[in-house]
$ cat protein_12.tsv   # TSV, C-alpha atoms
chain	number	residue	atom	x	y	z
A	1	MET	CA	139.32	76.56	51.45
A	2	LYS	CA	142.30	78.06	49.67
A	3	TYR	CA	139.88	80.34	47.75
A	4	ILE	CA	138.34	81.59	51.02
A	5	VAL	CA	141.77	82.36	52.50
A	6	VAL	CA	142.78	84.32	49.39
A	7	CYS	CA	139.48	86.27	49.44
A	8	LEU	CA	139.90	87.11	53.13
A	9	ALA	CA	143.47	88.28	52.52
A	10	LEU	CA	142.34	90.51	49.62
A	11	PHE	CA	139.45	91.88	51.69
A	12	SER	CA	141.82	92.70	54.57
A	13	PHE	CA	144.23	94.44	52.18
A	14	ALA	CA	141.38	96.46	50.62
A	15	GLU	CA	140.15	97.43	54.09
A	16	LEU	CA	143.64	98.53	55.12
A	17	PHE	CA	144.07	100.51	51.89
A	18	SER	CA	140.72	102.29	52.29
A	19	GLN	CA	141.60	103.25	55.85
A	20	ASP	CA	144.86	104.89	54.76
A	21	GLY	CA	143.66	106.37	51.46
A	22	LYS	CA	141.39	109.23	50.48
A	23	GLY	CA	137.75	108.74	51.36
A	24	LYS	CA	138.44	107.92	54.99
A	25	ILE	CA	136.46	110.09	57.40
A	26	LEU	CA	138.81	111.34	60.09
A	27	PRO	CA	137.76	111.74	63.73
A	28	LYS	CA	135.85	114.93	64.49
A	29	GLU	CA	138.66	116.38	66.65
A	30	ILE	CA	141.24	115.87	63.87
A	31	GLN	CA	138.96	117.41	61.25
A	32	ILE	CA	138.44	120.46	63.47
A	33	LYS	CA	142.15	120.80	64.27
A	34	THR	CA	143.02	120.70	60.57
A	35	ALA	CA	140.15	122.95	59.50
A	36	ILE	CA	141.23	125.82	61.75
A	37	LEU	CA	144.88	125.79	60.59
A	38	PRO	CA	144.31	128.87	58.35
A	39	VAL	CA	142.74	130.98	61.11
A	40	PRO	CA	145.01	133.76	62.40
A	41	LYS	CA	146.47	132.92	65.82
A	42	GLY	CA	144.27	133.77	68.77
A	43	SER	CA	140.97	133.72	66.88
A	44	SER	CA	140.39	130.00	66.37
A	45	THR	CA	139.05	128.95	69.77
A	46	ASP	CA	135.41	129.65	68.97
A	47	THR	CA	135.24	129.22	65.21
A	48	MET	CA	132.36	127.36	63.57
A	49	VAL	CA	133.59	124.29	61.67
A	50	TYR	CA	131.95	122.23	58.94
A	51	GLY	CA	133.25	118.71	58.38
A	52	TYR	CA	132.13	115.24	57.46
A	53	ASN	CA	130.12	112.66	59.40
A	54	GLU	CA	130.54	108.88	59.12
A	55	ASN	CA	128.23	108.86	56.07
A	56	GLY	CA	130.36	111.44	54.28
A	57	ASP	CA	127.78	114.21	54.65
A	58	LEU	CA	128.93	117.78	55.27
A	59	VAL	CA	127.67	118.77	58.74
A	60	VAL	CA	128.46	121.27	61.47
A	61	LEU	CA	131.17	119.68	63.63
A	62	ARG	CA	131.41	122.63	65.99
A	63	GLU	CA	129.24	125.68	66.53
A	64	GLY	CA	131.04	128.97	67.05
A	65	THR	CA	130.46	132.60	67.87
A	66	SER	CA	133.55	134.13	66.24
A	67	ASN	CA	133.37	136.01	62.95
A	68	MET	CA	134.85	133.05	61.01
A	69	VAL	CA	133.56	129.80	59.48
A	70	CYS	CA	135.94	126.97	58.57
A	71	LEU	CA	135.63	124.02	56.20
A	72	ALA	CA	137.41	120.73	56.85
A	73	ASP	CA	139.30	118.95	54.09
A	74	ASP	CA	137.13	117.04	51.62
A	75	PRO	CA	138.17	113.38	52.14
A	76	ASN	CA	137.34	112.51	48.53
A	77	LYS	CA	139.69	115.03	46.92
A	78	GLU	CA	143.42	114.68	46.37
A	79	GLY	CA	145.66	116.74	48.61
A	80	ILE	CA	144.72	118.66	51.73
A	81	SER	CA	142.85	121.94	51.46
A	82	VAL	CA	141.06	123.74	54.27
A	83	SER	CA	139.58	127.21	54.30
A	84	CYS	CA	138.17	129.74	56.72
A	85	TYR	CA	136.11	132.73	55.71
A	86	SER	CA	134.26	135.70	57.14
A	87	LYS	CA	130.85	134.77	58.55
A	88	LYS	CA	129.42	137.50	56.29
A	89	LEU	CA	130.19	135.20	53.35
A	90	GLU	CA	128.27	132.24	54.79
A	91	PRO	CA	125.00	132.80	52.82
A	92	PHE	CA	127.01	132.92	49.56
A	93	MET	CA	129.10	129.86	50.46
A	94	LYS	CA	126.12	127.89	51.77
A	95	ARG	CA	124.17	128.56	48.57
A	96	GLY	CA	127.10	127.28	46.54
A	97	ARG	CA	127.15	124.04	48.56
A	98	GLU	CA	123.39	123.61	48.10
A	99	LEU	CA	123.63	124.06	44.34
A	100	ARG	CA	126.61	121.68	44.12
A	101	ALA	CA	124.58	119.06	46.03
A	102	GLN	CA	121.85	119.49	43.39
A	103	GLY	CA	124.37	118.54	40.71
A	104	LYS	CA	124.95	122.03	39.30
A	105	ASP	CA	128.33	122.64	37.67
A	106	VAL	CA	130.64	125.58	38.36
A	107	MET	CA	129.24	127.83	35.63
A	108	GLU	CA	125.63	127.12	36.60
A	109	ILE	CA	126.43	127.94	40.24
A	110	ARG	CA	128.05	131.23	39.23
A	111	GLU	CA	125.07	132.21	37.10
A	112	ILE	CA	122.45	131.26	39.69
A	113	ARG	CA	124.20	133.00	42.58
A	114	GLY	CA	124.88	136.07	40.44
A	115	ASN	CA	121.21	136.33	39.51
A	116	GLU	CA	120.09	135.82	43.11
A	117	ILE	CA	122.49	138.49	44.37
A	118	SER	CA	121.34	141.00	41.74
A	119	GLN	CA	117.68	140.23	42.58
A	120	GLY	CA	118.39	140.72	46.30
A	121	THR	CA	117.41	137.17	47.28
A	122	LEU	CA	120.96	136.15	48.23
A	123	ASP	CA	123.06	138.20	50.64
A	124	MET	CA	126.57	139.11	49.57
A	125	PRO	CA	128.58	141.61	51.61
A	126	ARG	CA	129.46	144.80	49.75
A	127	GLU	CA	132.48	145.50	51.94
A	128	PRO	CA	135.69	143.44	51.59
A	129	SER	CA	135.40	139.98	53.20
A	130	MET	CA	138.34	137.67	53.89
A	131	MET	CA	138.92	133.99	53.15
A	132	TYR	CA	142.08	132.09	54.17
A	133	VAL	CA	143.02	128.89	52.33
A	134	TYR	CA	145.73	126.50	53.54
A	135	TYR	CA	146.72	123.57	51.36
A	136	GLY	CA	149.32	120.91	50.72
A	137	THR	CA	149.90	117.31	49.73
A	138	ASP	CA	148.57	114.12	51.27
A	139	ALA	CA	152.17	113.00	51.79
A	140	ASP	CA	152.82	116.03	54.04
A	141	TYR	CA	149.69	115.51	56.14
A	142	ASP	CA	149.72	113.71	59.50
A	143	SER	CA	146.14	112.45	59.86
A	144	THR	CA	146.73	111.25	63.42
A	145	ALA	CA	147.79	114.70	64.62
A	146	GLY	CA	145.86	116.91	62.17
A	147	GLU	CA	149.06	118.70	61.12
A	148	LEU	CA	150.21	119.72	57.64
A	149	ALA	CA	153.89	120.23	56.89
A	150	ASN	CA	155.02	122.46	54.02
A	151	GLY	CA	151.53	123.94	53.63
A	152	GLN	CA	150.97	127.09	51.63
A	153	PHE	CA	148.55	129.97	52.12
A	154	ARG	CA	146.33	131.62	49.58
A	155	TYR	CA	144.42	134.73	50.67
A	156	VAL	CA	141.16	135.71	48.99
A	157	ILE	CA	139.47	139.03	49.67
A	158	TYR	CA	135.97	139.19	48.22
A	159	ILE	CA	135.12	142.69	47.04
A	160	PRO	CA	132.00	142.34	44.84
A	161	TYR	CA	131.84	144.33	41.62
A	162	ALA	CA	135.33	145.77	42.11
A	163	THR	CA	137.22	146.52	38.90
A	164	THR	CA	140.83	147.01	37.92
A	165	GLU	CA	140.02	150.71	37.64
A	166	SER	CA	138.42	150.99	41.09
A	167	THR	CA	141.21	149.08	42.84
A	168	GLY	CA	144.32	149.76	40.77
A	169	LEU	CA	145.00	146.02	40.75
A	170	PRO	CA	145.84	144.07	37.60
A	171	ASP	CA	143.60	141.24	36.43
A	172	LYS	CA	146.50	138.76	36.48
A	173	PRO	CA	149.65	138.48	38.59
A	174	HIS	CA	152.90	139.91	37.22
A	175	ALA	CA	155.11	138.42	39.93
A	176	LYS	CA	154.90	135.52	42.37
A	177	GLY	CA	152.78	136.30	45.40
A	178	MET	CA	151.52	139.67	44.21
A	179	PRO	CA	147.86	140.65	44.73
A	180	TRP	CA	145.61	140.68	41.68
A	181	LEU	CA	141.89	140.95	40.95
A	182	MET	CA	140.04	137.88	39.74
A	183	ASP	CA	136.60	138.08	38.10
A	184	PRO	CA	136.60	141.92	38.04
A	185	GLY	CA	133.25	143.67	37.73
A	186	THR	CA	131.23	140.63	38.89
A	187	HIS	CA	129.61	139.55	42.14
A	188	ARG	CA	132.56	137.17	42.53
A	189	ALA	CA	135.29	139.83	42.20
A	190	HIS	CA	138.06	139.02	44.66
A	191	ILE	CA	141.64	139.93	45.35
A	192	MET	CA	143.95	136.91	45.19
A	193	VAL	CA	147.21	136.89	47.15
A	194	GLY	CA	149.42	133.85	47.33
A	195	PRO	CA	151.60	131.44	45.42
A	196	ASN	CA	150.99	131.27	41.68

$ encode --input "protein_12.tsv" --output "C-alpha coordinates"
Amino acid sequence: MKYIVVCLALFSFAELFSQDGKGKILPKEIQIKTAILPVPKGSSTDTMVYGYNENGDLVVLREGTSNMVCLADDPNKEGISVSCYSKKLEPFMKRGRELRAQGKDVMEIREIRGNEISQGTLDMPREPSMMYVYYGTDADYDSTAGELANGQFRYVIYIPYATTESTGLPDKPHAKGMPWLMDPGTHRAHIMVGPN
(Lines of atoms letter the chains of each structure in order from A and count residues from 1; the text may use other names and numbers.)
(Lines give C-alpha, C1' and ligand atoms only; values in the text may rest on other atoms or scores of the structure.)
Protein backbone atom coordinates (compact mmCIF):
# COMPACT_ATOMS: atom_id res chain seq x y z
CA MET A 1 0.00 0.00 0.00
CA LYS A 2 2.81 2.36 0.90
CA TYR A 3 4.40 1.61 -2.52
CA ILE A 4 1.16 2.55 -4.31
CA VAL A 5 0.89 5.84 -2.40
CA VAL A 6 4.49 6.75 -3.27
CA CYS A 7 3.91 5.88 -6.96
CA LEU A 8 0.75 7.98 -7.08
CA ALA A 9 2.57 10.92 -5.47
CA LEU A 10 5.42 10.65 -8.01
CA PHE A 11 2.94 10.37 -10.89
CA SER A 12 1.08 13.47 -9.68
CA PHE A 13 4.35 15.40 -9.39
CA ALA A 14 5.43 14.32 -12.89
CA GLU A 15 2.03 15.35 -14.27
CA LEU A 16 2.27 18.75 -12.57
CA PHE A 17 5.82 19.24 -13.86
CA SER A 18 4.87 18.35 -17.45
CA GLN A 19 1.97 20.79 -17.35
CA ASP A 20 4.25 23.67 -16.32
CA GLY A 21 7.31 22.72 -18.38
CA LYS A 22 8.17 22.78 -22.06
CA GLY A 23 6.22 20.35 -24.19
CA LYS A 24 2.84 21.51 -22.93
CA ILE A 25 0.47 22.47 -25.74
CA LEU A 26 -1.13 25.78 -24.86
CA PRO A 27 -4.76 26.61 -25.69
CA LYS A 28 -5.36 27.73 -29.27
CA GLU A 29 -6.29 31.30 -28.24
CA ILE A 30 -3.06 31.71 -26.23
CA GLN A 31 -0.94 30.33 -29.06
CA ILE A 32 -2.54 32.78 -31.49
CA LYS A 33 -2.18 35.73 -29.12
CA THR A 34 1.52 34.97 -28.63
CA ALA A 35 2.17 34.20 -32.30
CA ILE A 36 0.95 37.60 -33.49
CA LEU A 37 3.07 39.59 -31.00
CA PRO A 38 5.64 40.49 -33.72
CA VAL A 39 3.04 41.81 -36.18
CA PRO A 40 3.03 45.61 -36.53
CA LYS A 41 0.07 47.19 -34.74
CA GLY A 42 -3.14 47.32 -36.72
CA SER A 43 -2.31 44.45 -39.08
CA SER A 44 -2.76 41.42 -36.84
CA THR A 45 -6.53 41.00 -36.83
CA ASP A 46 -6.67 38.78 -39.91
CA THR A 47 -3.28 37.08 -39.91
CA MET A 48 -2.93 33.38 -40.66
CA VAL A 49 -1.44 31.49 -37.71
CA TYR A 50 0.24 28.09 -37.50
CA GLY A 51 0.42 26.43 -34.11
CA TYR A 52 0.25 23.05 -32.44
CA ASN A 53 -2.66 20.67 -31.88
CA GLU A 54 -3.05 18.34 -28.89
CA ASN A 55 -0.85 15.74 -30.64
CA GLY A 56 1.96 18.26 -31.11
CA ASP A 57 1.45 18.52 -34.87
CA LEU A 58 1.92 21.88 -36.60
CA VAL A 59 -1.48 22.89 -38.00
CA VAL A 60 -3.31 26.02 -39.11
CA LEU A 61 -4.90 27.50 -35.98
CA ARG A 62 -6.44 30.43 -37.80
CA GLU A 63 -6.93 31.21 -41.47
CA GLY A 64 -6.24 34.77 -42.55
CA THR A 65 -6.43 37.09 -45.51
CA SER A 66 -3.72 39.59 -44.55
CA ASN A 67 -0.30 39.58 -46.20
CA MET A 68 1.34 37.93 -43.15
CA VAL A 69 1.74 34.39 -41.79
CA CYS A 70 2.68 33.77 -38.16
CA LEU A 71 4.21 30.78 -36.38
CA ALA A 72 3.43 29.99 -32.75
CA ASP A 73 6.18 29.11 -30.30
CA ASP A 74 7.50 25.55 -30.56
CA PRO A 75 6.56 23.99 -27.19
CA ASN A 76 9.53 21.61 -27.33
CA LYS A 77 12.22 24.29 -27.59
CA GLU A 78 13.71 26.34 -24.78
CA GLY A 79 12.66 29.96 -24.59
CA ILE A 80 9.87 31.69 -26.45
CA SER A 81 10.26 32.54 -30.11
CA VAL A 82 7.49 33.53 -32.51
CA SER A 83 7.76 34.87 -36.02
CA CYS A 84 5.61 36.45 -38.69
CA TYR A 85 6.59 36.73 -42.32
CA SER A 86 5.33 37.97 -45.66
CA LYS A 87 2.86 35.58 -47.29
CA LYS A 88 5.14 35.67 -50.36
CA LEU A 89 7.64 33.64 -48.33
CA GLU A 90 5.14 30.89 -47.47
CA PRO A 91 6.18 28.42 -50.23
CA PHE A 92 9.83 28.71 -49.09
CA MET A 93 8.95 28.37 -45.40
CA LYS A 94 6.48 25.54 -45.99
CA ARG A 95 9.06 23.58 -47.99
CA GLY A 96 11.53 23.98 -45.14
CA ARG A 97 8.99 22.55 -42.68
CA GLU A 98 8.27 19.62 -45.01
CA LEU A 99 11.96 18.77 -45.36
CA ARG A 100 12.52 19.09 -41.60
CA ALA A 101 9.63 16.66 -41.02
CA GLN A 102 11.41 14.23 -43.36
CA GLY A 103 14.45 14.35 -41.07
CA LYS A 104 16.64 16.57 -43.24
CA ASP A 105 19.25 18.65 -41.42
CA VAL A 106 19.85 22.38 -41.90
CA MET A 107 22.48 22.01 -44.61
CA GLU A 108 20.40 19.48 -46.57
CA ILE A 109 17.38 21.80 -46.41
CA ARG A 110 19.46 24.72 -47.70
CA GLU A 111 20.82 22.67 -50.58
CA ILE A 112 17.46 21.18 -51.59
CA ARG A 113 15.60 24.49 -51.47
CA GLY A 114 18.42 26.25 -53.31
CA ASN A 115 18.31 23.68 -56.10
CA GLU A 116 14.52 23.84 -56.32
CA ILE A 117 14.56 27.64 -56.51
CA SER A 118 17.22 27.64 -59.24
CA GLN A 119 15.24 25.00 -61.19
CA GLY A 120 12.05 27.07 -60.85
CA THR A 121 10.13 24.40 -58.93
CA LEU A 122 10.03 26.40 -55.68
CA ASP A 123 8.78 29.98 -55.58
CA MET A 124 10.97 32.55 -53.84
CA PRO A 125 10.13 36.24 -54.13
CA ARG A 126 12.77 38.30 -55.91
CA GLU A 127 11.71 41.52 -54.20
CA PRO A 128 12.52 42.16 -50.52
CA SER A 129 10.23 40.22 -48.15
CA MET A 130 9.93 40.87 -44.42
CA MET A 131 10.04 38.55 -41.41
CA TYR A 132 9.58 39.72 -37.80
CA VAL A 133 10.92 37.59 -34.94
CA TYR A 134 10.06 38.21 -31.28
CA TYR A 135 11.78 36.16 -28.61
CA GLY A 136 12.57 35.89 -24.92
CA THR A 137 12.93 33.54 -21.99
CA ASP A 138 10.45 31.07 -20.55
CA ALA A 139 10.76 32.89 -17.21
CA ASP A 140 9.44 36.10 -18.82
CA TYR A 141 6.49 34.40 -20.51
CA ASP A 142 2.98 34.39 -19.02
CA SER A 143 1.37 31.30 -20.58
CA THR A 144 -2.04 32.12 -19.12
CA ALA A 145 -2.16 35.53 -20.81
CA GLY A 146 0.04 34.88 -23.86
CA GLU A 147 2.30 37.82 -22.98
CA LEU A 148 6.09 38.07 -23.09
CA ALA A 149 7.93 40.59 -20.94
CA ASN A 150 11.40 41.83 -21.91
CA GLY A 151 11.08 40.37 -25.41
CA GLN A 152 13.44 41.41 -28.17
CA PHE A 153 12.89 41.89 -31.89
CA ARG A 154 14.99 40.65 -34.75
CA TYR A 155 14.06 41.83 -38.25
CA VAL A 156 14.92 39.74 -41.30
CA ILE A 157 14.49 41.07 -44.83
CA TYR A 158 14.90 38.36 -47.44
CA ILE A 159 16.48 39.71 -50.61
CA PRO A 160 17.58 36.66 -52.63
CA TYR A 161 20.97 36.77 -54.34
CA ALA A 162 21.79 40.21 -52.93
CA THR A 163 25.48 40.85 -52.32
CA THR A 164 27.52 43.23 -50.22
CA GLU A 165 28.31 45.07 -53.45
CA SER A 166 24.68 45.38 -54.58
CA THR A 167 23.43 46.56 -51.18
CA GLY A 168 26.39 48.36 -49.62
CA LEU A 169 25.83 46.31 -46.47
CA PRO A 170 28.63 44.48 -44.65
CA ASP A 171 28.51 40.71 -44.23
CA LYS A 172 28.78 41.01 -40.44
CA PRO A 173 27.63 43.63 -37.93
CA HIS A 174 30.12 46.26 -36.78
CA ALA A 175 27.90 47.67 -34.03
CA LYS A 176 24.96 46.43 -31.97
CA GLY A 177 21.68 46.60 -33.85
CA MET A 178 23.13 47.60 -37.20
CA PRO A 179 21.82 46.00 -40.42
CA TRP A 180 24.04 43.48 -42.16
CA LEU A 181 23.73 40.95 -44.98
CA MET A 182 23.71 37.26 -44.12
CA ASP A 183 24.33 34.55 -46.74
CA PRO A 184 25.17 37.08 -49.49
CA GLY A 185 24.88 35.92 -53.10
CA THR A 186 22.60 32.97 -52.25
CA HIS A 187 18.87 32.29 -52.44
CA ARG A 188 18.85 32.80 -48.65
CA ALA A 189 20.47 36.26 -48.69
CA HIS A 190 18.78 38.40 -46.06
CA ILE A 191 19.33 41.62 -44.18
CA MET A 192 19.52 41.09 -40.43
CA VAL A 193 18.59 43.90 -38.04
CA GLY A 194 18.42 43.40 -34.32
CA PRO A 195 20.33 42.58 -31.17
CA ASN A 196 23.64 40.78 -31.67

$ atom_distance --input "protein_12.tsv" --atom1 "atom CA of Ser66 of chain A" --atom2 "atom CA of Ile30 of chain A"
20.0 Å

$ residues_near_point --input "protein_12.tsv" --point "(135.7, 134.9, 38.7)" --cutoff "12 Å" --atoms "only C-alpha atoms" --output "list in words"
Val106, Met107, Ile109, Arg110, Glu111, Gly114, Val156, Tyr158, Ile159, Pro160, Tyr161, Ala162, Thr163, Asp171, Lys172, Trp180, Leu181, Met182, Asp183, Pro184, Gly185, Thr186, His187, Arg188, Ala189, His190, Ile191 and Met192 of chain A

$ residues_around --input "protein_12.tsv" --residues "Asn150 of chain A" --least-positions-apart "3" --cutoff "12 Å" --atoms "all atoms listed in the file" --output "PyMOL selection string"
chain A and resi 80+134-142+147+153

$ atom_distance --input "protein_12.tsv" --atom1 "atom CA of Arg113 of chain A" --atom2 "atom CA of Asn55 of chain A"
27.9 Å

$ residues_around --input "protein_12.tsv" --residues "Val49 of chain A" --least-positions-apart "5" --cutoff "8 Å" --atoms "all atoms listed in the file" --output "VMD selection string"
chain A and resid 32 35 to 36 60 to 64 69 to 72

$ write_last_selection --input "protein_12.tsv" --atoms "C-alpha atoms" --output "mmCIF file, in the frame of the given file"
data_model
loop_
_atom_site.group_PDB
_atom_site.id
_atom_site.type_symbol
_atom_site.label_atom_id
_atom_site.label_comp_id
_atom_site.auth_asym_id
_atom_site.auth_seq_id
_atom_site.Cartn_x
_atom_site.Cartn_y
_atom_site.Cartn_z
ATOM 1 C CA ILE A 32 138.440 120.460 63.470
ATOM 2 C CA ALA A 35 140.150 122.950 59.500
ATOM 3 C CA ILE A 36 141.230 125.820 61.750
ATOM 4 C CA VAL A 60 128.460 121.270 61.470
ATOM 5 C CA LEU A 61 131.170 119.680 63.630
ATOM 6 C CA ARG A 62 131.410 122.630 65.990
ATOM 7 C CA GLU A 63 129.240 125.680 66.530
ATOM 8 C CA GLY A 64 131.040 128.970 67.050
ATOM 9 C CA VAL A 69 133.560 129.800 59.480
ATOM 10 C CA CYS A 70 135.940 126.970 58.570
ATOM 11 C CA LEU A 71 135.630 124.020 56.200
ATOM 12 C CA ALA A 72 137.410 120.730 56.850
#

$ atom_distance --input "protein_12.tsv" --atom1 "atom CA of Gly194 of chain A" --atom2 "atom CA of Met131 of chain A"
12.0 Å

$ residues_around --input "protein_12.tsv" --residues "Gly56 of chain A" --least-positions-apart "3" --cutoff "10 Å" --atoms "all atoms listed in the file" --output "PyMOL selection string"
chain A and resi 23-25+51-53+59+74-76

$ residues_around --input "protein_12.tsv" --residues "Ser86 of chain A" --least-positions-apart "5" --cutoff "6 Å" --atoms "all atoms listed in the file" --output "PyMOL selection string"
chain A and resi 67-68+129-130

$ residues_near_point --input "protein_12.tsv" --point "(145.1, 114.2, 61.0)" --cutoff "9 Å" --atoms "all atoms listed in the file" --output "ChimeraX atom specification"
/A:26-27,29-31,33-34,141-148

$ write_last_selection --input "protein_12.tsv" --atoms "C-alpha atoms" --output "PDB file, in the coordinates of the input"
ATOM      1  CA  LEU A  26     138.810 111.340  60.090  1.00  0.00           C
ATOM      2  CA  PRO A  27     137.760 111.740  63.730  1.00  0.00           C
ATOM      3  CA  GLU A  29     138.660 116.380  66.650  1.00  0.00           C
ATOM      4  CA  ILE A  30     141.240 115.870  63.870  1.00  0.00           C
ATOM      5  CA  GLN A  31     138.960 117.410  61.250  1.00  0.00           C
ATOM      6  CA  LYS A  33     142.150 120.800  64.270  1.00  0.00           C
ATOM      7  CA  THR A  34     143.020 120.700  60.570  1.00  0.00           C
ATOM      8  CA  TYR A 141     149.690 115.510  56.140  1.00  0.00           C
ATOM      9  CA  ASP A 142     149.720 113.710  59.500  1.00  0.00           C
ATOM     10  CA  SER A 143     146.140 112.450  59.860  1.00  0.00           C
ATOM     11  CA  THR A 144     146.730 111.250  63.420  1.00  0.00           C
ATOM     12  CA  ALA A 145     147.790 114.700  64.620  1.00  0.00           C
ATOM     13  CA  GLY A 146     145.860 116.910  62.170  1.00  0.00           C
ATOM     14  CA  GLU A 147     149.060 118.700  61.120  1.00  0.00           C
ATOM     15  CA  LEU A 148     150.210 119.720  57.640  1.00  0.00           C
TER      16      LEU A 148
END

$ build_atoms --input "protein_12.tsv" --residues "segment 126-146 of chain A" --atoms "N, CA and C atoms" --output "short mmCIF file (atom, residue, chain, number, x, y, z; two decimals), in the coordinates of the input"
data_model
loop_
_atom_site.label_atom_id
_atom_site.label_comp_id
_atom_site.auth_asym_id
_atom_site.auth_seq_id
_atom_site.Cartn_x
_atom_site.Cartn_y
_atom_site.Cartn_z
N ARG A 126 128.92 143.81 50.69
CA ARG A 126 129.46 144.80 49.75
C ARG A 126 130.85 145.25 50.17
N GLU A 127 131.15 145.12 51.47
CA GLU A 127 132.48 145.50 51.94
C GLU A 127 133.42 144.30 51.77
N PRO A 128 134.73 144.54 51.75
CA PRO A 128 135.69 143.44 51.59
C PRO A 128 135.51 142.38 52.69
N SER A 129 135.57 141.10 52.28
CA SER A 129 135.40 139.98 53.20
C SER A 129 136.49 138.95 52.92
N MET A 130 137.13 138.49 53.99
CA MET A 130 138.34 137.67 53.89
C MET A 130 138.06 136.18 53.88
N MET A 131 138.88 135.45 53.09
CA MET A 131 138.92 133.99 53.15
C MET A 131 140.40 133.57 53.16
N TYR A 132 140.73 132.64 54.06
CA TYR A 132 142.08 132.09 54.17
C TYR A 132 142.03 130.64 53.70
N VAL A 133 142.94 130.27 52.81
CA VAL A 133 143.02 128.89 52.33
C VAL A 133 144.41 128.36 52.67
N TYR A 134 144.46 127.14 53.21
CA TYR A 134 145.73 126.50 53.54
C TYR A 134 145.71 125.13 52.89
N TYR A 135 146.75 124.81 52.13
CA TYR A 135 146.72 123.57 51.36
C TYR A 135 148.10 122.94 51.24
N GLY A 136 148.09 121.65 50.89
CA GLY A 136 149.32 120.91 50.72
C GLY A 136 149.04 119.52 50.20
N THR A 137 150.03 118.65 50.28
CA THR A 137 149.90 117.31 49.73
C THR A 137 149.49 116.31 50.81
N ASP A 138 148.91 115.20 50.35
CA ASP A 138 148.57 114.12 51.27
C ASP A 138 149.82 113.58 51.97
N ALA A 139 150.93 113.54 51.23
CA ALA A 139 152.17 113.00 51.79
C ALA A 139 152.69 113.84 52.96
N ASP A 140 152.36 115.13 52.97
CA ASP A 140 152.82 116.03 54.04
C ASP A 140 151.83 116.15 55.19
N TYR A 141 150.74 115.40 55.13
CA TYR A 141 149.69 115.51 56.14
C TYR A 141 149.76 114.36 57.13
N ASP A 142 149.76 114.70 58.43
CA ASP A 142 149.72 113.71 59.50
C ASP A 142 148.28 113.61 59.99
N SER A 143 147.57 112.58 59.54
CA SER A 143 146.14 112.45 59.86
C SER A 143 145.89 112.02 61.30
N THR A 144 146.92 111.60 62.01
CA THR A 144 146.73 111.25 63.42
C THR A 144 146.86 112.48 64.32
N ALA A 145 147.58 113.49 63.83
CA ALA A 145 147.79 114.70 64.62
C ALA A 145 147.04 115.91 64.05
N GLY A 146 146.55 115.79 62.80
CA GLY A 146 145.86 116.91 62.17
C GLY A 146 146.80 118.03 61.78
#
